[in-house]
file input.cif (mmCIF, C-alpha atoms and all ligand atoms)
data_work
#
loop_
_atom_site.label_atom_id
_atom_site.label_comp_id
_atom_site.auth_asym_id
_atom_site.auth_seq_id
_atom_site.Cartn_x
_atom_site.Cartn_y
_atom_site.Cartn_z
CA MET A 1 0.00 0.00 0.00
CA HIS A 2 1.20 3.49 -0.72
CA ASN A 3 2.59 5.12 2.36
CA PRO A 4 1.49 8.76 2.28
CA ALA A 5 4.43 11.10 2.16
CA LEU A 6 3.70 12.51 5.58
CA PRO A 7 6.68 13.69 7.59
CA LEU A 8 8.82 11.28 9.50
CA GLU A 9 8.74 11.51 13.27
CA GLY A 10 10.85 14.38 14.54
CA THR A 11 11.27 16.20 11.24
CA ASP A 12 9.68 19.49 10.34
CA THR A 13 8.90 18.75 6.73
CA TYR A 14 5.29 18.49 5.71
CA ASN A 15 3.33 16.33 3.37
CA ASP A 16 2.53 18.84 0.65
CA ARG A 17 0.80 16.30 -1.59
CA ILE A 18 -2.39 16.62 0.42
CA ARG A 19 -3.66 20.19 0.65
CA ILE A 20 -6.39 21.61 2.80
CA VAL A 21 -8.53 24.16 0.95
CA LEU A 22 -10.77 26.54 2.91
CA VAL A 23 -13.41 28.37 0.89
CA GLU A 24 -14.38 31.92 1.91
CA THR A 25 -13.70 31.51 5.60
CA SER A 26 -15.27 34.40 7.47
CA HIS A 27 -13.65 34.02 10.92
CA SER A 28 -9.90 34.28 10.61
CA GLY A 29 -9.51 32.62 14.02
CA ASN A 30 -10.79 29.46 12.35
CA ILE A 31 -7.98 29.69 9.80
CA GLY A 32 -5.46 29.75 12.65
CA ALA A 33 -7.18 26.80 14.35
CA VAL A 34 -7.05 24.88 11.06
CA ALA A 35 -3.31 25.57 10.75
CA ARG A 36 -2.81 24.21 14.23
CA ALA A 37 -4.92 21.11 13.55
CA MET A 38 -2.93 20.46 10.38
CA LYS A 39 0.50 20.88 11.95
CA ASN A 40 -0.42 18.63 14.88
CA MET A 41 -1.10 15.88 12.37
CA GLY A 42 1.89 16.55 10.10
CA LEU A 43 0.19 18.49 7.32
CA GLY A 44 1.29 21.95 6.17
CA ASN A 45 -0.20 22.81 2.79
CA LEU A 46 -3.04 25.28 3.34
CA TRP A 47 -4.92 27.07 0.55
CA LEU A 48 -7.35 29.89 1.25
CA VAL A 49 -9.98 30.87 -1.30
CA ASN A 50 -11.07 34.49 -0.76
CA PRO A 51 -10.76 34.60 3.03
CA LYS A 52 -12.65 37.52 4.55
CA SER A 53 -9.56 38.59 6.49
CA PHE A 54 -6.07 37.12 6.20
CA PRO A 55 -3.37 37.44 7.38
CA ASP A 56 -4.39 39.05 10.63
CA GLU A 57 -3.90 38.95 14.36
CA ALA A 58 -6.76 36.54 15.10
CA SER A 59 -5.50 33.88 12.72
CA TYR A 60 -1.95 33.99 14.12
CA ALA A 61 -3.23 34.03 17.69
CA ARG A 62 -5.29 30.85 17.15
CA ALA A 63 -2.49 29.12 15.22
CA ALA A 64 -0.32 29.07 18.36
CA GLY A 65 2.92 27.33 17.27
CA ALA A 66 1.65 26.68 13.75
CA SER A 67 2.28 30.16 12.39
CA ASP A 68 4.67 28.65 9.81
CA VAL A 69 1.68 26.92 8.22
CA LEU A 70 -0.01 30.33 7.92
CA ASP A 71 3.20 31.89 6.55
CA ARG A 72 3.27 29.40 3.70
CA ALA A 73 -0.52 29.41 3.04
CA GLN A 74 -1.55 30.23 -0.52
CA VAL A 75 -4.32 32.79 -0.95
CA VAL A 76 -6.25 32.51 -4.24
CA GLY A 77 -9.36 34.09 -5.74
CA SER A 78 -11.33 31.00 -6.74
CA LEU A 79 -11.80 27.33 -5.94
CA GLU A 80 -10.73 26.50 -9.50
CA GLU A 81 -7.32 28.05 -8.83
CA ALA A 82 -6.92 26.07 -5.64
CA ILE A 83 -7.65 22.71 -7.25
CA ASP A 84 -6.43 23.26 -10.82
CA ASP A 85 -3.36 21.00 -10.61
CA CYS A 86 -4.93 18.33 -8.40
CA VAL A 87 -5.50 14.72 -9.40
CA LEU A 88 -8.21 14.21 -6.80
CA VAL A 89 -10.60 16.64 -5.11
CA MET A 90 -12.73 15.70 -2.13
CA GLY A 91 -15.35 18.09 -0.76
CA THR A 92 -16.64 17.95 2.79
CA SER A 93 -20.23 18.55 3.73
CA ALA A 94 -22.30 18.34 6.88
CA ARG A 95 -25.50 17.61 4.97
CA GLY A 96 -26.75 15.62 1.98
CA ARG A 97 -27.49 17.43 -1.27
CA LYS A 98 -30.25 17.18 -3.86
CA VAL A 99 -28.08 15.38 -6.38
CA PRO A 100 -26.33 12.64 -4.43
CA TRP A 101 -22.61 12.24 -4.99
CA PRO A 102 -20.34 9.37 -3.93
CA VAL A 103 -19.94 9.95 -0.19
CA MET A 104 -17.16 8.48 1.95
CA PRO A 105 -16.64 8.40 5.70
CA PRO A 106 -13.33 9.91 6.89
CA PRO A 107 -11.21 6.72 7.18
CA GLU A 108 -12.06 5.59 3.66
CA ALA A 109 -11.57 9.15 2.36
CA ALA A 110 -8.13 9.32 3.99
CA GLU A 111 -7.19 6.01 2.35
CA THR A 112 -8.39 7.22 -1.06
CA ALA A 113 -6.60 10.58 -0.68
CA SER A 114 -3.43 8.89 0.42
CA GLN A 115 -3.44 6.43 -2.50
CA ALA A 116 -4.13 9.19 -5.01
CA SER A 117 -1.39 11.41 -3.58
CA ALA A 118 1.15 8.98 -5.01
CA GLY A 119 0.15 10.33 -8.41
CA GLY A 120 -0.13 14.06 -7.66
CA SER A 121 -1.75 16.69 -5.46
CA VAL A 122 -4.97 15.95 -3.62
CA ALA A 123 -7.32 18.64 -2.28
CA LEU A 124 -9.62 18.30 0.70
CA VAL A 125 -12.08 21.18 0.44
CA PHE A 126 -13.93 22.74 3.37
CA GLY A 127 -16.77 25.25 3.17
CA ARG A 128 -17.93 28.49 4.72
CA GLU A 129 -18.90 28.64 8.39
CA SER A 130 -22.34 30.00 7.50
CA ASN A 131 -23.46 27.82 4.60
CA GLY A 132 -20.73 25.33 3.71
CA LEU A 133 -19.85 24.60 0.08
CA SER A 134 -22.30 25.48 -2.69
CA ASN A 135 -23.76 22.71 -4.85
CA ASP A 136 -21.66 24.02 -7.71
CA GLU A 137 -18.47 23.80 -5.64
CA LEU A 138 -19.35 20.29 -4.49
CA GLN A 139 -19.88 19.27 -8.10
CA HIS A 140 -16.22 20.15 -8.77
CA CYS A 141 -15.28 17.30 -6.41
CA HIS A 142 -14.72 13.63 -7.26
CA HIS A 143 -16.04 12.49 -3.89
CA HIS A 144 -17.81 13.96 -0.90
CA ILE A 145 -16.79 13.31 2.67
CA HIS A 146 -19.30 13.26 5.48
CA ILE A 147 -18.21 13.00 9.10
CA PRO A 148 -20.95 10.84 10.59
CA SER A 149 -22.07 13.26 13.26
CA ASN A 150 -25.37 13.47 15.16
CA PRO A 151 -28.00 13.80 12.37
CA GLU A 152 -29.89 16.29 14.52
CA TYR A 153 -26.80 18.47 14.97
CA SER A 154 -24.48 17.50 12.18
CA SER A 155 -22.37 20.59 11.51
CA LEU A 156 -18.92 20.63 13.13
CA ASN A 157 -16.89 23.76 13.62
CA LEU A 158 -14.74 24.22 10.52
CA ALA A 159 -11.41 23.62 12.28
CA MET A 160 -12.78 20.55 14.03
CA ALA A 161 -13.92 19.07 10.73
CA VAL A 162 -10.41 19.68 9.37
CA GLN A 163 -8.98 18.07 12.50
CA VAL A 164 -11.00 14.89 11.96
CA MET A 165 -9.69 14.48 8.42
CA CYS A 166 -6.09 15.31 9.35
CA TYR A 167 -6.30 12.81 12.21
CA GLU A 168 -7.47 10.07 9.84
CA LEU A 169 -4.54 10.82 7.54
CA ARG A 170 -2.18 10.70 10.48
CA MET A 171 -3.54 7.35 11.66
CA LEU A 172 -3.10 5.95 8.18
CA TYR A 173 0.46 7.22 8.06
CA LEU A 174 1.29 5.70 11.44
CA ARG A 175 -0.31 2.36 10.54
CA ASN A 176 1.75 2.22 7.35
CA LEU A 177 5.06 3.15 8.96
CA GLU A 178 8.08 0.91 8.59
CA GLY A 179 6.96 -1.51 5.96
CA GLY A 180 3.51 -1.98 7.43
CA GLU A 181 4.61 -2.73 10.97
CA GLY A 182 3.12 0.51 12.18
CA SER A 183 4.13 2.99 14.80
CA PRO A 184 4.72 1.97 18.41
CA TYR A 185 2.38 4.87 19.29
CA LEU A 186 -0.50 2.77 17.98
CA LYS A 187 0.31 -0.20 20.15
CA PRO A 188 -1.34 0.13 23.53
CA MET A 189 1.09 -0.04 26.45
CA SER A 190 -0.87 -1.58 29.27
CA ALA A 191 1.43 -3.94 31.11
CA PRO A 192 5.06 -4.92 31.77
CA GLY A 193 6.53 -6.61 28.74
CA ASP A 194 4.85 -4.12 26.37
CA ALA A 195 7.25 -2.01 24.30
CA GLY A 196 8.11 1.13 26.28
CA TRP A 197 7.42 -0.27 29.78
CA ASP A 198 10.27 0.86 32.04
CA VAL A 199 10.82 -2.26 34.20
CA SER A 200 11.05 -5.96 33.31
CA PRO A 201 8.03 -8.10 34.04
CA ALA A 202 8.14 -10.14 37.24
CA SER A 203 8.69 -13.86 36.71
CA VAL A 204 6.26 -16.49 37.98
CA ARG A 205 8.85 -17.27 40.65
CA ASP A 206 8.92 -13.61 41.77
CA VAL A 207 5.16 -13.42 41.95
CA GLU A 208 4.79 -16.77 43.73
CA GLY A 209 7.36 -15.56 46.26
CA PHE A 210 5.25 -12.47 46.78
CA PHE A 211 2.06 -14.53 47.25
CA GLY A 212 3.77 -16.71 49.84
CA HIS A 213 5.04 -13.63 51.64
CA LEU A 214 1.61 -11.97 51.43
CA GLU A 215 -0.10 -14.98 52.95
CA GLN A 216 2.44 -15.15 55.77
CA MET A 217 2.06 -11.46 56.53
CA LEU A 218 -1.75 -11.82 56.62
CA VAL A 219 -1.34 -14.67 59.12
CA ASP A 220 1.14 -12.60 61.17
CA VAL A 221 -1.27 -9.68 61.44
CA GLU A 222 -4.11 -12.13 62.22
CA PHE A 223 -6.17 -11.24 59.18
CA HIS A 224 -5.96 -14.70 57.67
CA ARG A 225 -6.22 -18.16 59.18
CA ARG A 226 -4.79 -21.00 57.15
CA GLU A 227 -7.23 -23.44 58.74
CA ASN A 228 -10.16 -21.27 57.59
CA PRO A 229 -8.93 -19.69 54.37
CA ARG A 230 -12.31 -18.98 52.75
CA GLN A 231 -11.26 -17.70 49.33
CA LEU A 232 -9.02 -14.94 50.54
CA MET A 233 -5.81 -15.99 48.79
CA THR A 234 -7.68 -16.94 45.60
CA ARG A 235 -9.23 -13.50 45.44
CA LEU A 236 -5.96 -11.73 46.25
CA ARG A 237 -4.20 -13.81 43.60
CA ARG A 238 -6.77 -12.77 41.05
CA LEU A 239 -6.40 -9.12 42.07
CA PHE A 240 -2.62 -9.09 41.68
CA GLN A 241 -2.59 -11.27 38.53
CA ARG A 242 -4.82 -8.71 36.85
CA ALA A 243 -2.11 -6.12 37.43
CA ARG A 244 0.66 -8.21 35.78
CA LEU A 245 3.30 -6.99 38.21
CA ASP A 246 6.76 -5.89 37.19
CA GLN A 247 9.93 -6.65 39.17
CA MET A 248 10.05 -3.33 40.93
CA GLU A 249 6.41 -3.55 41.96
CA VAL A 250 7.08 -6.96 43.50
CA ASN A 251 10.00 -5.48 45.42
CA ILE A 252 7.90 -2.57 46.67
CA LEU A 253 5.07 -4.87 47.75
CA ARG A 254 7.45 -7.19 49.55
CA GLY A 255 9.04 -4.21 51.29
CA ILE A 256 5.59 -3.21 52.52
CA LEU A 257 4.86 -6.76 53.71
CA THR A 258 8.11 -6.84 55.62
CA ALA A 259 7.37 -3.48 57.23
CA ALA A 260 3.90 -4.71 58.26
CA GLN A 261 5.38 -7.87 59.76
CA LYS A 262 7.90 -5.82 61.75
CA ALA A 263 5.14 -3.52 62.99
CA ALA A 264 3.21 -6.60 64.12
CA GLY A 265 6.21 -7.68 66.17
CA LYS A 266 7.19 -10.52 63.86
CA ALA A 267 10.74 -10.96 62.72
CA PRO A 268 10.60 -11.76 59.04
CA ASN A 269 14.38 -11.68 58.66
CA GLN A 270 14.63 -14.74 60.91
CA ARG A 271 12.08 -16.77 59.01
CA GLN A 272 12.24 -18.15 55.48
CA SER A 273 9.30 -17.14 53.35
CA THR A 274 7.60 -19.70 51.13
CA ASP A 275 9.91 -19.04 48.16
CA GLY A 276 12.87 -20.12 50.28
CA GLU A 277 14.40 -16.63 50.45
CA SER A 278 14.58 -14.49 53.51
CA SER A 279 11.54 -12.26 53.13
CA ALA A 280 13.36 -9.24 54.50
CA THR A 281 16.46 -9.52 52.36
CA GLY A 282 16.69 -6.90 49.68
CA GLN A 283 12.99 -6.15 49.83
CA GLU A 284 13.01 -2.96 51.84
CA GLU A 285 11.65 0.22 50.36
CA GLY A 286 15.18 1.57 50.01
CA HIS A 287 16.01 -1.20 47.52
CA VAL A 288 13.33 -0.47 44.93
C1 LIG A 301 -19.71 25.03 10.08
S1 LIG A 301 -19.65 23.96 8.72
C2 LIG A 301 -20.83 24.65 7.61
C3 LIG A 301 -22.18 24.28 7.99
C4 LIG A 301 -23.22 24.79 7.03
N1 LIG A 301 -24.29 25.38 7.81
C5 LIG A 301 -23.73 23.68 6.16
O1 LIG A 301 -24.82 23.22 6.45
O2 LIG A 301 -23.05 23.27 5.25
C6 LIG A 301 -18.17 24.43 7.92
C7 LIG A 301 -17.53 23.33 7.14
O3 LIG A 301 -17.06 22.33 8.02
C8 LIG A 301 -17.11 21.07 7.35
N2 LIG A 301 -18.01 20.18 8.10
C9 LIG A 301 -18.72 20.48 9.21
N3 LIG A 301 -19.41 19.42 9.64
C10 LIG A 301 -19.13 18.42 8.78
C11 LIG A 301 -19.53 17.05 8.70
N4 LIG A 301 -20.36 16.50 9.57
N5 LIG A 301 -19.03 16.30 7.68
C12 LIG A 301 -18.18 16.84 6.80
N6 LIG A 301 -17.77 18.12 6.84
C13 LIG A 301 -18.24 18.90 7.81
C14 LIG A 301 -17.61 21.35 5.94
O4 LIG A 301 -16.52 21.62 5.12
C15 LIG A 301 -18.42 22.61 6.14
O5 LIG A 301 -18.58 23.31 4.93
#
call {"tool": "encode", "arguments": {"input": "input.cif", "output": "structure tokens", "more": "lines below"}}
Ligand SMILES: C[S@@+](CC[C@H](N)C(=O)[O-])C[C@H]1O[C@@H](n2cnc3c(N)ncnc32)[C@H](O)[C@@H]1O
result
Amino acid sequence: MHNPALPLEGTDTYNDRIRIVLVETSHSGNIGAVARAMKNMGLGNLWLVNPKSFPDEASYARAAGASDVLDRAQVVGSLEEAIDDCVLVMGTSARGRKVPWPVMPPPEAAETASQASAGGSVALVFGRESNGLSNDELQHCHHHIHIPSNPEYSSLNLAMAVQVMCYELRMLYLRNLEGGEGSPYLKPMSAPGDAGWDVSPASVRDVEGFFGHLEQMLVDVEFHRRENPRQLMTRLRRLFQRARLDQMEVNILRGILTAAQKAAGKAPNQRQSTDGESSATGQEEGHV
């Protein structure tokens, strides 16, 4: 699959193959917010068709750190000028029109735009705040894009609609990174052993040692009676197994158990815990 020419992580080059075209934007703050939305997602090619006011203070204020996108924005007098050299034009609309056009949801539109951008420039066109794109403007587009919003309140703020499309392009780019393996950012990090976790996962031996120590501590503080266990240890096992402990967490927990045993007047350093190691050795808080 074609990998859209979006910037690599950590570089400041933009994908200029996919351009965002805003038609007759009346609030220049929205133009700034669009620039910000684009830059966040690695896009930088902004075209403005007859903006009411640009450049101005409001647009730069809303762009925050994306003023470079505004600096390089192209201002033109007609939609035709903005899309003249494009191989694919996709128009966005919050509502259906009298003459139906092929409509795509954002993920499919991003895929189509990305594929087409291998062959030339692609325009994603966004309409006026007050009344969107005219039927005539929409008929200049190969496809229409509809963000499937609440049918009873379907119109997004202009910059938010741009954000949705730029996000879809970004997701596609990240999924396609590195020969299809995708970006580590897309892989959820939820437990030790996942890429990016800072401590090695605890071994079964570590965790069993902890369970033995936990049971002993519960006996020492007279919370648990081995002759009447109910399901206490089963439930505690399930609790801690859900967490998939890492090595440091096991050390911290064992340090706490040792401290509790000492407070209860037991001497854990003179007794072997169930994993055969002295339960006080190396498990104090200072060792984690
Ligand atoms: C505030 S909306 C314009 C709403 C206008 N009253 C209308 O009905 O078309 C400004 C622009 O944001 C984009 N937009 C807003 N909501 C959208 C949606 N649900 N799907 C696709 N584009 C949307 C379109 O480009 C639209 O022209």
call {"tool": "closest_atom_pairs", "arguments": {"input": "input.cif", "of": "chain A", "to": "ligand LIG 301 (chain A)", "cutoff": "9 Å", "atoms": "all atoms listed in the file", "output": "CSV"}}
result
residue,atom,partner,partner_atom,distance
A:Leu22,CA,A:LIG301,O4,7.9
A:Val23,CA,A:LIG301,O5,8.3
A:Thr25,CA,A:LIG301,C6,8.7
A:Gly91,CA,A:LIG301,O4,7.0
A:Thr92,CA,A:LIG301,N6,4.2
A:Ser93,CA,A:LIG301,N6,4.0
A:Ala94,CA,A:LIG301,C11,3.6
A:Arg95,CA,A:LIG301,O1,5.8
A:Pro105,CA,A:LIG301,N5,8.5
A:Pro106,CA,A:LIG301,C12,8.5
A:Leu124,CA,A:LIG301,O4,8.8
A:Val125,CA,A:LIG301,O4,6.5
A:Phe126,CA,A:LIG301,O4,3.3
A:Gly127,CA,A:LIG301,O5,3.2
A:Arg128,CA,A:LIG301,C6,5.2
A:Glu129,CA,A:LIG301,C1,4.1
A:Ser130,CA,A:LIG301,N1,5.0
A:Asn131,CA,A:LIG301,C4,3.9
A:Gly132,CA,A:LIG301,O5,3.2
A:Leu133,CA,A:LIG301,O5,5.2
A:Ser134,CA,A:LIG301,O2,8.3
A:His144,CA,A:LIG301,C12,8.2
A:Ile145,CA,A:LIG301,C12,5.6
A:His146,CA,A:LIG301,N5,3.8
A:Ile147,CA,A:LIG301,N5,3.7
A:Pro148,CA,A:LIG301,N4,5.8
A:Ser149,CA,A:LIG301,N4,5.2
A:Asn150,CA,A:LIG301,N4,8.1
A:Pro151,CA,A:LIG301,N4,8.6
A:Tyr153,CA,A:LIG301,N4,8.6
A:Ser154,CA,A:LIG301,N4,5.0
A:Ser155,CA,A:LIG301,N3,3.7
A:Leu156,CA,A:LIG301,N3,3.7
A:Asn157,CA,A:LIG301,C1,4.7
A:Leu158,CA,A:LIG301,O3,3.9
A:Ala159,CA,A:LIG301,O3,7.2
A:Met160,CA,A:LIG301,O3,7.6
A:Ala161,CA,A:LIG301,N2,5.0
A:Val162,CA,A:LIG301,C8,7.1
A:Met165,CA,A:LIG301,C12,9.0
call {"tool": "write_last_selection", "arguments": {"input": "input.cif", "atoms": "C-alpha atoms", "output": "short mmCIF file (atom, residue, chain, number, x, y, z; two decimals), in the frame of the given file"}}
result
data_model
loop_
_atom_site.label_atom_id
_atom_site.label_comp_id
_atom_site.auth_asym_id
_atom_site.auth_seq_id
_atom_site.Cartn_x
_atom_site.Cartn_y
_atom_site.Cartn_z
CA LEU A 22 -10.77 26.54 2.91
CA VAL A 23 -13.41 28.37 0.89
CA THR A 25 -13.70 31.51 5.60
CA GLY A 91 -15.35 18.09 -0.76
CA THR A 92 -16.64 17.95 2.79
CA SER A 93 -20.23 18.55 3.73
CA ALA A 94 -22.30 18.34 6.88
CA ARG A 95 -25.50 17.61 4.97
CA PRO A 105 -16.64 8.40 5.70
CA PRO A 106 -13.33 9.91 6.89
CA LEU A 124 -9.62 18.30 0.70
CA VAL A 125 -12.08 21.18 0.44
CA PHE A 126 -13.93 22.74 3.37
CA GLY A 127 -16.77 25.25 3.17
CA ARG A 128 -17.93 28.49 4.72
CA GLU A 129 -18.90 28.64 8.39
CA SER A 130 -22.34 30.00 7.50
CA ASN A 131 -23.46 27.82 4.60
CA GLY A 132 -20.73 25.33 3.71
CA LEU A 133 -19.85 24.60 0.08
CA SER A 134 -22.30 25.48 -2.69
CA HIS A 144 -17.81 13.96 -0.90
CA ILE A 145 -16.79 13.31 2.67
CA HIS A 146 -19.30 13.26 5.48
CA ILE A 147 -18.21 13.00 9.10
CA PRO A 148 -20.95 10.84 10.59
CA SER A 149 -22.07 13.26 13.26
CA ASN A 150 -25.37 13.47 15.16
CA PRO A 151 -28.00 13.80 12.37
CA TYR A 153 -26.80 18.47 14.97
CA SER A 154 -24.48 17.50 12.18
CA SER A 155 -22.37 20.59 11.51
CA LEU A 156 -18.92 20.63 13.13
CA ASN A 157 -16.89 23.76 13.62
CA LEU A 158 -14.74 24.22 10.52
CA ALA A 159 -11.41 23.62 12.28
CA MET A 160 -12.78 20.55 14.03
CA ALA A 161 -13.92 19.07 10.73
CA VAL A 162 -10.41 19.68 9.37
CA MET A 165 -9.69 14.48 8.42
#
call {"tool": "residues_around", "arguments": {"input": "input.cif", "residues": "Leu43 of chain A", "least_positions_apart": "2", "cutoff": "6 Å", "atoms": "only C-alpha atoms", "output": "PyMOL selection string"}}
result
chain A and resi 14-15+38-39+41
call {"tool": "residues_around", "arguments": {"input": "input.cif", "residues": "Leu214 of chain A", "least_positions_apart": "2", "cutoff": "9 Å", "atoms": "only C-alpha atoms", "output": "list in words"}}
result
Gly209, Phe210, Phe211, Gly212, Gln216, Met217, Leu218, Val219, Met233, Leu253, Arg254 and Leu257 of chain A
call {"tool": "write_last_selection", "arguments": {"input": "input.cif", "atoms": "C-alpha atoms", "output": "PDB file, in the frame of the given file"}}
result
ATOM      1  CA  GLY A 209       7.360 -15.560  46.260  1.00  0.00           C
ATOM      2  CA  PHE A 210       5.250 -12.470  46.780  1.00  0.00           C
ATOM      3  CA  PHE A 211       2.060 -14.530  47.250  1.00  0.00           C
ATOM      4  CA  GLY A 212       3.770 -16.710  49.840  1.00  0.00           C
ATOM      5  CA  GLN A 216       2.440 -15.150  55.770  1.00  0.00           C
ATOM      6  CA  MET A 217       2.060 -11.460  56.530  1.00  0.00           C
ATOM      7  CA  LEU A 218      -1.750 -11.820  56.620  1.00  0.00           C
ATOM      8  CA  VAL A 219      -1.340 -14.670  59.120  1.00  0.00           C
ATOM      9  CA  MET A 233      -5.810 -15.990  48.790  1.00  0.00           C
ATOM     10  CA  LEU A 253       5.070  -4.870  47.750  1.00  0.00           C
ATOM     11  CA  ARG A 254       7.450  -7.190  49.550  1.00  0.00           C
ATOM     12  CA  LEU A 257       4.860  -6.760  53.710  1.00  0.00           C
TER      13      LEU A 257
END
call {"tool": "atom_distance", "arguments": {"input": "input.cif", "atom1": "atom CA of Arg36 of chain A", "atom2": "atom CA of Leu48 of chain A"}}
result
14.9 Å
call {"tool": "residues_around", "arguments": {"input": "input.cif", "residues": "Gln74 of chain A", "least_positions_apart": "3", "cutoff": "9 Å", "atoms": "all atoms listed in the file", "output": "PyMOL selection string"}}
result
chain A and resi 45-49+70-71+82
call {"tool": "residues_around", "arguments": {"input": "input.cif", "residues": "Ser53 of chain A", "least_positions_apart": "6", "cutoff": "9 Å", "atoms": "all atoms listed in the file", "output": "ChimeraX atom specification"}}
result
/A:25-28,59
call {"tool": "atom_distance", "arguments": {"input": "input.cif", "atom1": "atom CA of Gln163 of chain A", "atom2": "atom CA of Ile20 of chain A"}}
result
10.6 Å
call {"tool": "atom_distance", "arguments": {"input": "input.cif", "atom1": "atom CA of Leu177 of chain A", "atom2": "atom CA of Met90 of chain A"}}
result
24.4 Å
call {"tool": "residues_around", "arguments": {"input": "input.cif", "residues": "Leu174 of chain A", "least_positions_apart": "6", "cutoff": "9 Å", "atoms": "all atoms listed in the file", "output": "PyMOL selection string"}}
result
chain A and resi 180+182-186
call {"tool": "residues_near_point", "arguments": {"input": "input.cif", "point": "(-3.9, 11.0, -7.1)", "cutoff": "10 Å", "atoms": "only C-alpha atoms", "output": "list in words"}}
result
Arg17, Ile18, Cys86, Val87, Leu88, Val89, Thr112, Ala113, Ser114, Gln115, Ala116, Ser117, Ala118, Gly119, Gly120, Ser121, Val122 and Ala123 of chain A
call {"tool": "residues_near_point", "arguments": {"input": "input.cif", "point": "(5.0, -12.2, 34.9)", "cutoff": "12 Å", "atoms": "only C-alpha atoms", "output": "PDB file with C-alpha atoms, keeping the file's coordinate frame"}}
result
ATOM      1  CA  ALA A 191       1.430  -3.940  31.110  1.00  0.00           C
ATOM      2  CA  PRO A 192       5.060  -4.920  31.770  1.00  0.00           C
ATOM      3  CA  GLY A 193       6.530  -6.610  28.740  1.00  0.00           C
ATOM      4  CA  ASP A 194       4.850  -4.120  26.370  1.00  0.00           C
ATOM      5  CA  VAL A 199      10.820  -2.260  34.200  1.00  0.00           C
ATOM      6  CA  SER A 200      11.050  -5.960  33.310  1.00  0.00           C
ATOM      7  CA  PRO A 201       8.030  -8.100  34.040  1.00  0.00           C
ATOM      8  CA  ALA A 202       8.140 -10.140  37.240  1.00  0.00           C
ATOM      9  CA  SER A 203       8.690 -13.860  36.710  1.00  0.00           C
ATOM     10  CA  VAL A 204       6.260 -16.490  37.980  1.00  0.00           C
ATOM     11  CA  ARG A 205       8.850 -17.270  40.650  1.00  0.00           C
ATOM     12  CA  ASP A 206       8.920 -13.610  41.770  1.00  0.00           C
ATOM     13  CA  VAL A 207       5.160 -13.420  41.950  1.00  0.00           C
ATOM     14  CA  GLU A 208       4.790 -16.770  43.730  1.00  0.00           C
ATOM     15  CA  PHE A 210       5.250 -12.470  46.780  1.00  0.00           C
ATOM     16  CA  PHE A 240      -2.620  -9.090  41.680  1.00  0.00           C
ATOM     17  CA  GLN A 241      -2.590 -11.270  38.530  1.00  0.00           C
ATOM     18  CA  ARG A 242      -4.820  -8.710  36.850  1.00  0.00           C
ATOM     19  CA  ALA A 243      -2.110  -6.120  37.430  1.00  0.00           C
ATOM     20  CA  ARG A 244       0.660  -8.210  35.780  1.00  0.00           C
ATOM     21  CA  LEU A 245       3.300  -6.990  38.210  1.00  0.00           C
ATOM     22  CA  ASP A 246       6.760  -5.890  37.190  1.00  0.00           C
ATOM     23  CA  GLN A 247       9.930  -6.650  39.170  1.00  0.00           C
ATOM     24  CA  MET A 248      10.050  -3.330  40.930  1.00  0.00           C
ATOM     25  CA  GLU A 249       6.410  -3.550  41.960  1.00  0.00           C
ATOM     26  CA  VAL A 250       7.080  -6.960  43.500  1.00  0.00           C
TER      27      VAL A 250
END
call {"tool": "closest_residue", "arguments": {"input": "input.cif", "among": "A:Arg72, A:Arg235, A:Arg62, A:Arg19", "to": "Ile31 of chain A", "atoms": "only C-alpha atoms"}}
result
A:Arg62
call {"tool": "build_atoms", "arguments": {"input": "input.cif", "residues": "segment 118-127 of chain A", "atoms": "N, CA and C atoms", "output": "tab-separated table (two decimals), in the frame of the given file"}}
result
chain	number	residue	atom	x	y	z
A	118	ALA	N	-0.05	9.55	-4.36
A	118	ALA	CA	1.15	8.98	-5.01
A	118	ALA	C	1.27	9.52	-6.43
A	119	GLY	N	0.13	9.88	-7.02
A	119	GLY	CA	0.15	10.33	-8.41
A	119	GLY	C	0.07	11.83	-8.59
A	120	GLY	N	-0.05	12.60	-7.53
A	120	GLY	CA	-0.13	14.06	-7.66
A	120	GLY	C	-0.83	14.68	-6.47
A	121	SER	N	-1.15	15.97	-6.60
A	121	SER	CA	-1.75	16.69	-5.46
A	121	SER	C	-3.21	16.32	-5.26
A	122	VAL	N	-3.59	16.27	-4.00
A	122	VAL	CA	-4.97	15.95	-3.62
A	122	VAL	C	-5.50	17.11	-2.77
A	123	ALA	N	-6.73	17.54	-3.06
A	123	ALA	CA	-7.32	18.64	-2.28
A	123	ALA	C	-8.48	18.13	-1.43
A	124	LEU	N	-8.47	18.51	-0.17
A	124	LEU	CA	-9.62	18.30	0.70
A	124	LEU	C	-10.24	19.68	0.93
A	125	VAL	N	-11.48	19.85	0.49
A	125	VAL	CA	-12.08	21.18	0.44
A	125	VAL	C	-13.12	21.34	1.55
A	126	PHE	N	-13.02	22.46	2.25
A	126	PHE	CA	-13.93	22.74	3.37
A	126	PHE	C	-14.66	24.06	3.11
A	127	GLY	N	-15.93	24.12	3.54
A	127	GLY	CA	-16.77	25.25	3.17
A	127	GLY	C	-16.83	26.37	4.19
